[in-house]
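Peer 1: File data02.csv follows (CSV, C-alpha atoms):
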chain,number,residue,atom,x,y,z
A,49,MET,CA,24.1,39.2,51.3
A,50,PRO,CA,22.0,36.1,51.7
A,51,ARG,CA,23.6,33.0,53.2
A,52,PRO,CA,24.1,30.0,50.8
A,53,ARG,CA,21.9,27.7,53.0
A,54,PHE,CA,19.1,30.2,52.8
A,55,VAL,CA,19.4,30.6,49.0
A,56,LEU,CA,19.3,26.8,48.6
A,57,ALA,CA,16.3,26.4,50.9
A,58,ALA,CA,14.4,29.2,48.9
A,59,ALA,CA,15.2,27.5,45.6
A,60,LEU,CA,14.0,24.1,46.9
A,61,CYS,CA,10.8,25.8,48.1
A,62,ALA,CA,10.2,27.4,44.7
A,63,LEU,CA,10.7,24.1,43.0
A,64,GLN,CA,8.3,22.3,45.3
A,65,TRP,CA,5.7,25.0,44.7
A,66,SER,CA,6.0,24.8,40.9
A,67,LEU,CA,5.6,21.0,41.0
A,68,LEU,CA,2.5,21.4,43.1
A,69,TRP,CA,1.1,24.3,41.1
A,70,ALA,CA,1.5,22.7,37.6
A,71,PRO,CA,-0.9,19.8,38.2
A,72,LEU,CA,-3.4,22.3,39.7
A,73,GLN,CA,-3.2,24.4,36.5
A,74,ALA,CA,-3.9,21.3,34.4
A,75,VAL,CA,-6.9,20.4,36.6
A,76,ALA,CA,-8.2,24.0,36.4
A,77,HIS,CA,-8.2,23.8,32.6
A,78,ASP,CA,-10.8,21.1,32.1
A,79,GLY,CA,-11.4,19.5,35.5
A,80,ARG,CA,-9.0,16.5,35.1
A,81,GLU,CA,-5.3,16.3,35.6
A,82,GLY,CA,-3.3,16.3,32.4
A,83,GLN,CA,-6.3,16.5,30.0
A,84,TYR,CA,-6.2,19.5,27.7
A,85,ALA,CA,-8.5,20.4,24.9
A,86,HIS,CA,-7.4,19.6,21.4
A,87,ARG,CA,-8.7,20.4,17.9
A,88,PHE,CA,-8.9,18.4,14.6
A,89,GLY,CA,-9.8,19.3,11.0
A,90,VAL,CA,-12.2,17.7,8.6
A,91,ILE,CA,-12.1,18.3,4.8
A,92,GLY,CA,-15.4,17.3,3.3
A,93,HIS,CA,-15.7,15.9,-0.2
A,94,SER,CA,-14.7,19.1,-2.0
A,95,PHE,CA,-14.7,17.8,-5.5
A,96,GLY,CA,-17.8,19.4,-6.9
A,97,LYS,CA,-15.9,19.9,-10.1
A,98,PRO,CA,-12.7,18.3,-11.4
A,99,GLY,CA,-9.3,19.6,-10.3
A,100,GLU,CA,-7.5,20.0,-7.0
A,101,ASP,CA,-7.9,23.7,-6.4
A,102,GLU,CA,-10.5,23.3,-3.7
A,103,LEU,CA,-8.5,20.6,-2.0
A,104,LYS,CA,-5.4,22.8,-2.0
A,105,LYS,CA,-7.4,25.6,-0.5
A,106,ALA,CA,-8.8,23.3,2.2
A,107,LEU,CA,-5.3,21.9,3.0
A,108,ALA,CA,-4.1,25.5,3.5
A,109,GLN,CA,-7.0,26.2,5.8
A,110,THR,CA,-6.2,23.2,8.0
A,111,SER,CA,-2.5,23.7,8.3
A,112,ASP,CA,-2.6,25.2,11.8
A,113,LYS,CA,0.0,23.6,14.1
A,114,SER,CA,-2.6,23.4,16.9
A,115,LEU,CA,-4.6,20.8,14.9
A,116,SER,CA,-3.9,17.3,16.1
A,117,PHE,CA,-4.8,15.8,12.7
A,118,VAL,CA,-6.9,16.3,9.6
A,119,VAL,CA,-9.3,13.8,8.0
A,120,VAL,CA,-9.9,14.4,4.2
A,121,THR,CA,-12.8,12.7,2.4
A,122,GLY,CA,-12.1,11.6,-1.1
A,123,ILE,CA,-9.3,12.3,-3.6
A,124,LYS,CA,-11.1,13.1,-6.9
A,125,ALA,CA,-14.3,14.0,-8.7
A,126,ALA,CA,-16.4,11.3,-10.3
A,127,SER,CA,-15.7,12.8,-13.7
A,128,GLU,CA,-11.9,12.6,-13.2
A,129,PRO,CA,-10.0,9.5,-14.5
A,130,CYS,CA,-9.5,6.5,-12.2
A,131,GLY,CA,-6.0,5.8,-13.4
A,132,ASP,CA,-2.9,5.3,-11.2
A,133,LYS,CA,-1.4,8.6,-12.5
A,134,LEU,CA,-4.1,10.8,-10.9
A,135,TYR,CA,-4.1,8.6,-7.7
A,136,GLN,CA,-0.4,9.1,-7.3
A,137,GLU,CA,-0.5,12.8,-8.0
A,138,ARG,CA,-3.2,13.2,-5.3
A,139,ARG,CA,-1.2,11.1,-2.8
A,140,ASP,CA,1.9,13.2,-3.4
A,141,LEU,CA,-0.1,16.3,-2.7
A,142,LEU,CA,-1.7,15.0,0.5
A,143,ASP,CA,1.5,13.7,1.8
A,144,LYS,CA,2.9,17.2,1.8
A,145,ALA,CA,0.2,18.3,4.3
A,146,LYS,CA,1.6,20.0,7.3
A,147,ARG,CA,-0.6,18.2,9.8
A,148,PRO,CA,-1.1,14.4,10.2
A,149,LEU,CA,-3.6,13.5,7.4
A,150,ILE,CA,-5.9,10.5,7.2
A,151,VAL,CA,-7.7,9.7,3.9
A,152,LEU,CA,-11.2,8.5,3.9
A,153,PRO,CA,-12.3,7.0,0.5
A,154,ALA,CA,-15.2,8.6,-1.2
A,155,GLY,CA,-17.6,6.8,-3.6
A,156,SER,CA,-16.3,9.0,-6.5
A,157,ASP,CA,-12.8,7.6,-6.0
A,158,TRP,CA,-13.8,4.0,-6.9
A,159,THR,CA,-17.4,2.9,-7.1
A,160,GLU,CA,-18.1,4.4,-10.5
A,161,CYS,CA,-14.7,3.4,-12.1
A,162,ARG,CA,-14.8,1.3,-15.3
A,163,ASN,CA,-12.2,-0.3,-17.4
A,164,THR,CA,-11.7,0.2,-21.2
A,165,ALA,CA,-14.3,-2.5,-21.9
A,166,GLY,CA,-16.9,-0.5,-19.9
A,167,ARG,CA,-17.1,-3.1,-17.1
A,168,THR,CA,-16.9,-2.0,-13.5
A,169,SER,CA,-13.4,-1.9,-12.0
A,170,ALA,CA,-14.6,-0.7,-8.6
A,171,ILE,CA,-13.1,-3.4,-6.5
A,172,GLU,CA,-9.7,-3.3,-8.3
A,173,ARG,CA,-9.6,0.5,-8.0
A,174,LEU,CA,-10.5,0.4,-4.3
A,175,ASN,CA,-7.7,-2.1,-3.7
A,176,ARG,CA,-5.3,0.2,-5.6
A,177,MET,CA,-6.3,3.1,-3.3
A,178,ARG,CA,-5.7,0.9,-0.3
A,179,GLU,CA,-2.2,0.3,-1.5
A,180,LEU,CA,-1.4,3.9,-2.1
A,181,PHE,CA,-3.2,5.7,0.7
A,182,HIS,CA,-3.6,3.1,3.4
A,183,GLY,CA,-0.6,0.8,3.0
A,184,ASP,CA,1.4,2.4,5.8
A,185,PRO,CA,0.6,2.0,9.5
A,186,ASN,CA,1.0,5.8,9.8
A,187,SER,CA,-1.0,8.7,8.5
A,188,LEU,CA,0.1,10.8,5.5
A,189,GLY,CA,1.4,14.3,6.0
A,190,VAL,CA,4.8,15.7,7.0
A,191,LYS,CA,4.1,15.0,10.6
A,192,LYS,CA,2.9,11.4,11.0
A,193,LEU,CA,0.3,9.9,13.3
A,194,ALA,CA,0.4,6.2,14.3
A,195,LEU,CA,-2.8,4.4,13.2
A,196,THR,CA,-4.2,1.0,13.9
A,197,ARG,CA,-5.8,-0.5,10.8
A,198,LEU,CA,-8.5,-3.2,10.4
A,199,SER,CA,-6.1,-4.9,8.1
A,200,THR,CA,-4.1,-6.1,11.1
A,201,SER,CA,-6.9,-8.6,11.7
A,202,PRO,CA,-6.1,-11.7,9.5
A,203,ARG,CA,-9.8,-12.1,8.5
A,204,PHE,CA,-10.1,-8.5,7.2
A,205,ARG,CA,-6.6,-8.0,5.7
A,206,SER,CA,-8.1,-6.1,2.8
A,207,TYR,CA,-9.8,-3.3,4.7
A,208,ALA,CA,-6.8,-1.1,5.5
A,209,GLU,CA,-8.9,2.1,4.9
A,210,ASN,CA,-10.6,1.5,8.3
A,211,ALA,CA,-8.3,2.9,10.9
A,212,HIS,CA,-8.5,4.1,14.5
A,213,TRP,CA,-6.3,6.3,16.8
A,214,THR,CA,-6.7,8.1,20.1
A,215,VAL,CA,-6.1,11.7,21.2
A,216,ASP,CA,-6.5,12.5,24.9
A,217,SER,CA,-9.7,10.7,26.0
A,218,VAL,CA,-11.4,10.4,22.5
A,219,LEU,CA,-11.2,7.4,20.2
A,220,TYR,CA,-11.3,8.3,16.5
A,221,ALA,CA,-12.0,6.0,13.5
A,222,THR,CA,-12.7,5.9,9.8
A,223,VAL,CA,-15.3,3.7,8.4
A,224,ASN,CA,-15.6,3.1,4.6
A,225,LEU,CA,-19.3,3.8,4.0
A,226,PRO,CA,-19.5,5.6,0.5
A,227,ALA,CA,-22.2,8.1,-0.2
A,228,ASN,CA,-24.0,6.3,-3.0
A,229,ASN,CA,-26.1,4.2,-0.8
A,230,ASN,CA,-23.1,2.4,0.6
A,231,HIS,CA,-22.4,0.9,-2.9
A,232,TYR,CA,-25.5,-1.3,-2.6
A,233,LEU,CA,-26.3,-2.6,-6.1
A,234,ALA,CA,-29.9,-3.6,-6.9
A,235,ALA,CA,-28.7,-6.0,-9.6
A,236,ALA,CA,-29.8,-9.7,-9.4
A,237,GLY,CA,-27.4,-12.1,-7.7
A,238,ARG,CA,-25.0,-11.7,-4.8
A,239,ASN,CA,-23.9,-8.1,-4.1
A,240,SER,CA,-20.4,-9.3,-3.2
A,241,GLU,CA,-18.5,-6.1,-2.5
A,242,TYR,CA,-21.3,-4.6,-0.4
A,243,GLU,CA,-22.0,-7.8,1.5
A,244,ASP,CA,-18.4,-8.5,2.3
A,245,ARG,CA,-17.7,-5.0,3.4
A,246,LEU,CA,-20.9,-5.1,5.6
A,247,VAL,CA,-19.4,-8.0,7.5
A,248,ALA,CA,-16.1,-6.1,7.9
A,249,THR,CA,-17.9,-3.0,9.1
A,250,ARG,CA,-19.9,-5.0,11.7
A,251,PHE,CA,-16.8,-6.5,13.1
A,252,TRP,CA,-15.0,-3.1,13.0
A,253,LEU,CA,-17.7,-1.2,14.9
A,254,ASN,CA,-18.0,-4.0,17.6
A,255,ARG,CA,-14.2,-3.8,18.0
A,256,LEU,CA,-14.2,0.0,18.3
A,257,PHE,CA,-16.9,0.1,21.0
A,258,THR,CA,-15.2,-2.8,22.9
A,259,LEU,CA,-12.0,-0.9,22.9
A,260,ALA,CA,-13.7,2.4,23.9
A,261,ARG,CA,-15.4,0.7,26.9
A,262,GLY,CA,-12.1,-1.0,27.9
A,263,ASP,CA,-10.1,2.2,27.8
A,264,LYS,CA,-13.0,4.2,29.3
A,265,VAL,CA,-12.8,7.0,26.8
A,266,ASP,CA,-15.1,10.0,26.9
A,267,ALA,CA,-16.3,9.7,23.3
A,268,ILE,CA,-16.0,7.9,19.9
A,269,VAL,CA,-15.8,9.9,16.7
A,270,LEU,CA,-16.6,8.1,13.4
A,271,PHE,CA,-15.8,9.5,10.0
A,272,THR,CA,-17.7,8.3,7.0
A,273,GLU,CA,-18.5,9.8,3.5
A,274,GLY,CA,-22.1,8.6,3.4
A,275,ASP,CA,-24.8,9.9,5.8
A,276,VAL,CA,-25.8,6.9,7.9
A,277,LYS,CA,-28.6,9.1,9.3
A,278,PRO,CA,-27.9,7.9,12.9
A,279,LEU,CA,-30.6,10.1,14.4
A,280,ALA,CA,-33.3,8.8,12.1
A,281,GLU,CA,-33.5,5.2,13.4
A,282,PRO,CA,-36.9,4.8,15.2
A,283,THR,CA,-36.9,3.1,18.6
A,284,GLY,CA,-39.3,1.1,20.7
A,285,LEU,CA,-42.8,0.5,19.2
A,286,ARG,CA,-42.1,2.9,16.3
A,287,SER,CA,-39.4,0.6,15.0
A,288,LEU,CA,-41.8,-2.4,14.9
A,289,LEU,CA,-44.6,-0.5,13.2
A,290,ARG,CA,-42.7,1.3,10.4
A,291,ARG,CA,-43.1,0.3,6.8
A,292,ALA,CA,-40.4,-1.3,4.8
A,293,PRO,CA,-38.7,1.1,2.5
A,294,ALA,CA,-39.4,1.0,-1.3
A,295,THR,CA,-35.7,0.5,-2.1
A,296,GLN,CA,-33.0,-1.1,-0.1
A,297,ASP,CA,-31.3,1.2,2.3
A,298,GLY,CA,-27.6,0.4,2.1
A,299,PHE,CA,-27.0,2.0,5.5
A,300,ALA,CA,-29.9,0.4,7.5
A,301,ALA,CA,-27.9,-2.5,9.1
A,302,THR,CA,-25.0,-0.2,10.1
A,303,ARG,CA,-27.4,2.4,11.5
A,304,LYS,CA,-29.2,-0.1,13.6
A,305,GLN,CA,-25.9,-1.5,14.9
A,306,LEU,CA,-24.6,1.9,15.8
A,307,GLN,CA,-27.7,2.7,17.8
A,308,THR,CA,-27.5,-0.5,19.7
A,309,LEU,CA,-23.8,0.0,20.5
A,310,ALA,CA,-24.3,3.6,21.5
A,311,GLN,CA,-27.1,2.6,24.0
A,312,LYS,CA,-24.6,0.4,25.9
A,313,PHE,CA,-21.8,3.1,25.8
A,314,GLU,CA,-21.6,5.7,28.6
A,315,GLY,CA,-19.8,8.3,26.5
A,316,LYS,CA,-20.8,10.3,23.5
A,317,VAL,CA,-20.7,9.0,19.9
A,318,LEU,CA,-20.2,11.6,17.1
A,319,LEU,CA,-20.6,10.8,13.4
A,320,VAL,CA,-19.0,13.1,10.9
A,321,ASP,CA,-19.8,12.7,7.1
A,322,SER,CA,-19.6,14.6,3.8
A,323,ALA,CA,-23.3,14.6,2.9
A,324,ALA,CA,-24.4,17.7,0.9
A,325,LEU,CA,-25.8,20.6,2.9
A,326,PRO,CA,-28.9,22.6,2.0
A,327,LYS,CA,-28.3,25.8,0.1
A,328,LYS,CA,-26.7,28.4,2.4
A,329,ALA,CA,-26.7,26.0,5.4
A,330,LYS,CA,-23.6,25.7,7.6
A,331,PRO,CA,-22.4,22.5,9.3
A,332,ALA,CA,-23.9,22.0,12.8
A,333,ILE,CA,-23.8,19.2,15.3
A,334,GLU,CA,-27.2,17.7,16.2
A,335,TRP,CA,-27.7,15.4,19.1
A,336,ARG,CA,-30.2,12.7,20.2
A,337,GLY,CA,-29.2,11.2,23.5
A,338,ASN,CA,-25.6,10.4,23.4
A,339,ILE,CA,-25.4,10.2,19.5
A,340,GLY,CA,-24.3,13.3,17.6
A,341,HIS,CA,-24.2,13.9,13.9
A,342,VAL,CA,-22.8,16.5,11.6
A,343,SER,CA,-22.6,16.7,7.8
A,344,VAL,CA,-19.9,19.0,6.5
A,345,GLY,CA,-20.6,18.8,2.8
A,346,GLY,CA,-17.6,20.0,0.8
A,347,GLU,CA,-16.4,22.4,3.5
A,348,ALA,CA,-13.3,22.4,5.7
A,349,VAL,CA,-14.1,22.6,9.4
A,350,GLU,CA,-12.4,22.5,12.7
A,351,ILE,CA,-13.8,20.7,15.7
A,352,SER,CA,-12.6,21.5,19.2
A,353,VAL,CA,-12.7,18.9,22.0
A,354,THR,CA,-12.8,19.8,25.6
A,355,PRO,CA,-13.0,16.8,27.9
A,356,GLY,CA,-14.9,17.4,31.1
A,357,GLU,CA,-17.2,20.0,29.5
A,358,LYS,CA,-20.9,19.5,28.9
A,359,ALA,CA,-20.5,20.6,25.2
A,360,LEU,CA,-17.6,18.2,24.5
A,361,PHE,CA,-17.5,19.1,20.8
A,362,SER,CA,-17.7,22.6,19.2
A,363,LEU,CA,-17.4,23.3,15.5
A,364,LYS,CA,-16.3,26.2,13.3
A,365,ASP,CA,-15.3,26.8,9.7
A,366,ALA,CA,-11.6,26.2,9.2
A,367,GLY,CA,-11.3,29.6,7.4
A,368,GLU,CA,-12.5,31.6,10.3
Translate the structure of the given file into structure tokens.
Peer 2:
Amino acid sequence: MPRPRFVLAAALCALQWSLLWAPLQAVAHDGREGQYAHRFGVIGHSFGKPGEDELKKALAQTSDKSLSFVVVTGIKAASEPCGDKLYQERRDLLDKAKRPLIVLPAGSDWTECRNTAGRTSAIERLNRMRELFHGDPNSLGVKKLALTRLSTSPRFRSYAENAHWTVDSVLYATVNLPANNNHYLAAAGRNSEYEDRLVATRFWLNRLFTLARGDKVDAIVLFTEGDVKPLAEPTGLRSLLRRAPATQDGFAATRKQLQTLAQKFEGKVLLVDSAALPKKAKPAIEWRGNIGHVSVGGEAVEISVTPGEKALFSLKDAGE
């Protein structure tokens, strides 16, 4: 029968070995201590037709416990009413999601809304959405995720829909850039909503990249509804020789700012939007330098993140 001292010594040796081996296992997983791959879901603007059937299906597809969070683009179709009743119904549905859920406004949620007199109520409806879907510092969903909102800045108190959060070594953020040319209106006079939001977006992006550099994150992921076309911005001599577009590009200023910021950032920058996909096409991430872009259309997808790997992001359909 083993002596008590021998048993105690063996137990201490086993404990020391486990404490040594656990960090080594973490390093072996992705090359850096304590950093494990994570996954997140994205539900594109799934309102090709009225109703919430597609949204319910997408929520079911992205209910996996291993997902760190889910970003959903839009709450309704353009043909659906803009009233508080529908807004509240959709909020109640989204708040029952099993994973932390972040809502990104779509143009159909507010830009085309009109009052009983036929006048635009876009700004009023956007503000109502901010109250219902972005009024809390946490995400929606049964399991909450702490967010930092642009509205914490006194100058931009209205822009609660823009939020950021961090998982492992990746900084995530939503940016309100609606699909219909960023809600740029060609009417005469001051385009107040667009111009004010452009100032807020410029501040927000500068803040995000400053934060990312300070925290030395591996990547920034930005969620928008509209396709900023970040890979289309010409550089060098081509940028000086190009012709001015026939119509105002509501994303031009933001696209140029993103390219400038990305050039000064050592990590990767991935933009995820809900632009429509060509027929039978599947979402795919495309890169130019350190800037990546993927349009998911109305599909639900999952993106895996593996810090330390060359292919930091990998994508698949949520239903697979």
Peer 1: Would you kindly return, as a ChimeraX atom specification, each protein, DNA or RNA residue with an atom no farther than 10 Å from any atom of Thr258 of chain A, considering all atoms listed in the file and excluding same-chain residues fewer than 6 positions away?
Peer 2: /A:252,264,309,313
Peer 1: Separation of atom CA of Ser116 of chain A and atom CA of Asp275 of chain A, in Å?
Peer 2: 24.4 Å
Peer 1: Suppose you want the space between atom CA of Glu273 of chain A and atom CA of Thr121 of chain A; what is it in Å?
Peer 2: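 One can read the atom CA of Glu273 of chain A to atom CA of Thr121 of chain A distance as 6.5 Å.
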Peer 1: Give me the residues within 9 Å of Tyr135 of chain A as a PDB file with C-alpha atoms, in the coordinates of the input, counting all atoms listed in the file and dropping any in the same chain fewer than 6 places off.
Peer 2:
ATOM      1  CA  ILE A 123      -9.300  12.300  -3.600  1.00  0.00           C
ATOM      2  CA  LYS A 124     -11.100  13.100  -6.900  1.00  0.00           C
ATOM      3  CA  ASP A 157     -12.800   7.600  -6.000  1.00  0.00           C
ATOM      4  CA  ARG A 176      -5.300   0.200  -5.600  1.00  0.00           C
ATOM      5  CA  MET A 177      -6.300   3.100  -3.300  1.00  0.00           C
ATOM      6  CA  LEU A 180      -1.400   3.900  -2.100  1.00  0.00           C
ATOM      7  CA  PHE A 181      -3.200   5.700   0.700  1.00  0.00           C
TER       8      PHE A 181
END
Peer 1: Select, from A:Arg147, A:His86, A:Lys358, A:Lys97, the residue with the minimum atom-to-atom distance to Thr110 of chain A, counting all atoms listed in the file.
Peer 2: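 Selected residue with least distance to Thr110 of chain A: A:Arg147.
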Peer 1: Please compute the atom CA of Lys316 of chain A-atom CA of Ala154 of chain A distance, one decimal, in Å.
Peer 2: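 Between atom CA of Lys316 of chain A and atom CA of Ala154 of chain A the gap works out to 25.4 Å.
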Peer 1: Restore N, CA, C and O atoms in segment 152-165 of chain A and list the result as an mmCIF file, in the frame of the given file.
Peer 2:
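Everything below was put into out.cif:
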data_model
loop_
_atom_site.group_PDB
_atom_site.id
_atom_site.type_symbol
_atom_site.label_atom_id
_atom_site.label_comp_id
_atom_site.auth_asym_id
_atom_site.auth_seq_id
_atom_site.Cartn_x
_atom_site.Cartn_y
_atom_site.Cartn_z
ATOM 1 N N LEU A 152 -10.031 9.274 3.876
ATOM 2 C CA LEU A 152 -11.200 8.500 3.900
ATOM 3 C C LEU A 152 -11.755 8.329 2.475
ATOM 4 O O LEU A 152 -12.056 9.336 1.840
ATOM 5 N N PRO A 153 -11.840 7.127 1.902
ATOM 6 C CA PRO A 153 -12.300 7.000 0.500
ATOM 7 C C PRO A 153 -13.702 7.519 0.300
ATOM 8 O O PRO A 153 -14.577 7.351 1.153
ATOM 9 N N ALA A 154 -13.911 8.164 -0.835
ATOM 10 C CA ALA A 154 -15.200 8.600 -1.200
ATOM 11 C C ALA A 154 -15.725 7.710 -2.388
ATOM 12 O O ALA A 154 -14.911 7.102 -3.100
ATOM 13 N N GLY A 155 -17.034 7.631 -2.571
ATOM 14 C CA GLY A 155 -17.600 6.800 -3.600
ATOM 15 C C GLY A 155 -17.048 7.187 -5.005
ATOM 16 O O GLY A 155 -16.810 6.330 -5.863
ATOM 17 N N SER A 156 -16.826 8.488 -5.231
ATOM 18 C CA SER A 156 -16.300 9.000 -6.500
ATOM 19 C C SER A 156 -14.915 8.496 -6.810
ATOM 20 O O SER A 156 -14.451 8.557 -7.944
ATOM 21 N N ASP A 157 -14.208 8.034 -5.777
ATOM 22 C CA ASP A 157 -12.800 7.600 -6.000
ATOM 23 C C ASP A 157 -12.765 6.186 -6.587
ATOM 24 O O ASP A 157 -11.756 5.831 -7.191
ATOM 25 N N TRP A 158 -13.855 5.390 -6.427
ATOM 26 C CA TRP A 158 -13.800 4.000 -6.900
ATOM 27 C C TRP A 158 -15.057 3.347 -7.337
ATOM 28 O O TRP A 158 -15.039 2.515 -8.239
ATOM 29 N N THR A 159 -16.217 3.695 -6.784
ATOM 30 C CA THR A 159 -17.400 2.900 -7.100
ATOM 31 C C THR A 159 -17.893 3.051 -8.524
ATOM 32 O O THR A 159 -18.505 2.117 -9.064
ATOM 33 N N GLU A 160 -17.628 4.188 -9.166
ATOM 34 C CA GLU A 160 -18.100 4.400 -10.500
ATOM 35 C C GLU A 160 -16.998 4.122 -11.579
ATOM 36 O O GLU A 160 -17.215 4.357 -12.780
ATOM 37 N N CYS A 161 -15.852 3.642 -11.159
ATOM 38 C CA CYS A 161 -14.700 3.400 -12.100
ATOM 39 C C CYS A 161 -15.034 2.220 -13.012
ATOM 40 O O CYS A 161 -15.576 1.202 -12.578
ATOM 41 N N ARG A 162 -14.636 2.382 -14.293
ATOM 42 C CA ARG A 162 -14.800 1.300 -15.300
ATOM 43 C C ARG A 162 -13.570 1.142 -16.104
ATOM 44 O O ARG A 162 -12.793 2.078 -16.294
ATOM 45 N N ASN A 163 -13.388 -0.076 -16.605
ATOM 46 C CA ASN A 163 -12.200 -0.300 -17.400
ATOM 47 C C ASN A 163 -12.498 0.025 -18.890
ATOM 48 O O ASN A 163 -13.591 0.532 -19.214
ATOM 49 N N THR A 164 -11.543 -0.231 -19.768
ATOM 50 C CA THR A 164 -11.700 0.200 -21.200
ATOM 51 C C THR A 164 -12.820 -0.585 -21.874
ATOM 52 O O THR A 164 -13.337 -0.126 -22.894
ATOM 53 N N ALA A 165 -13.222 -1.724 -21.332
ATOM 54 C CA ALA A 165 -14.300 -2.500 -21.900
ATOM 55 C C ALA A 165 -15.682 -2.046 -21.365
ATOM 56 O O ALA A 165 -16.715 -2.590 -21.749
#
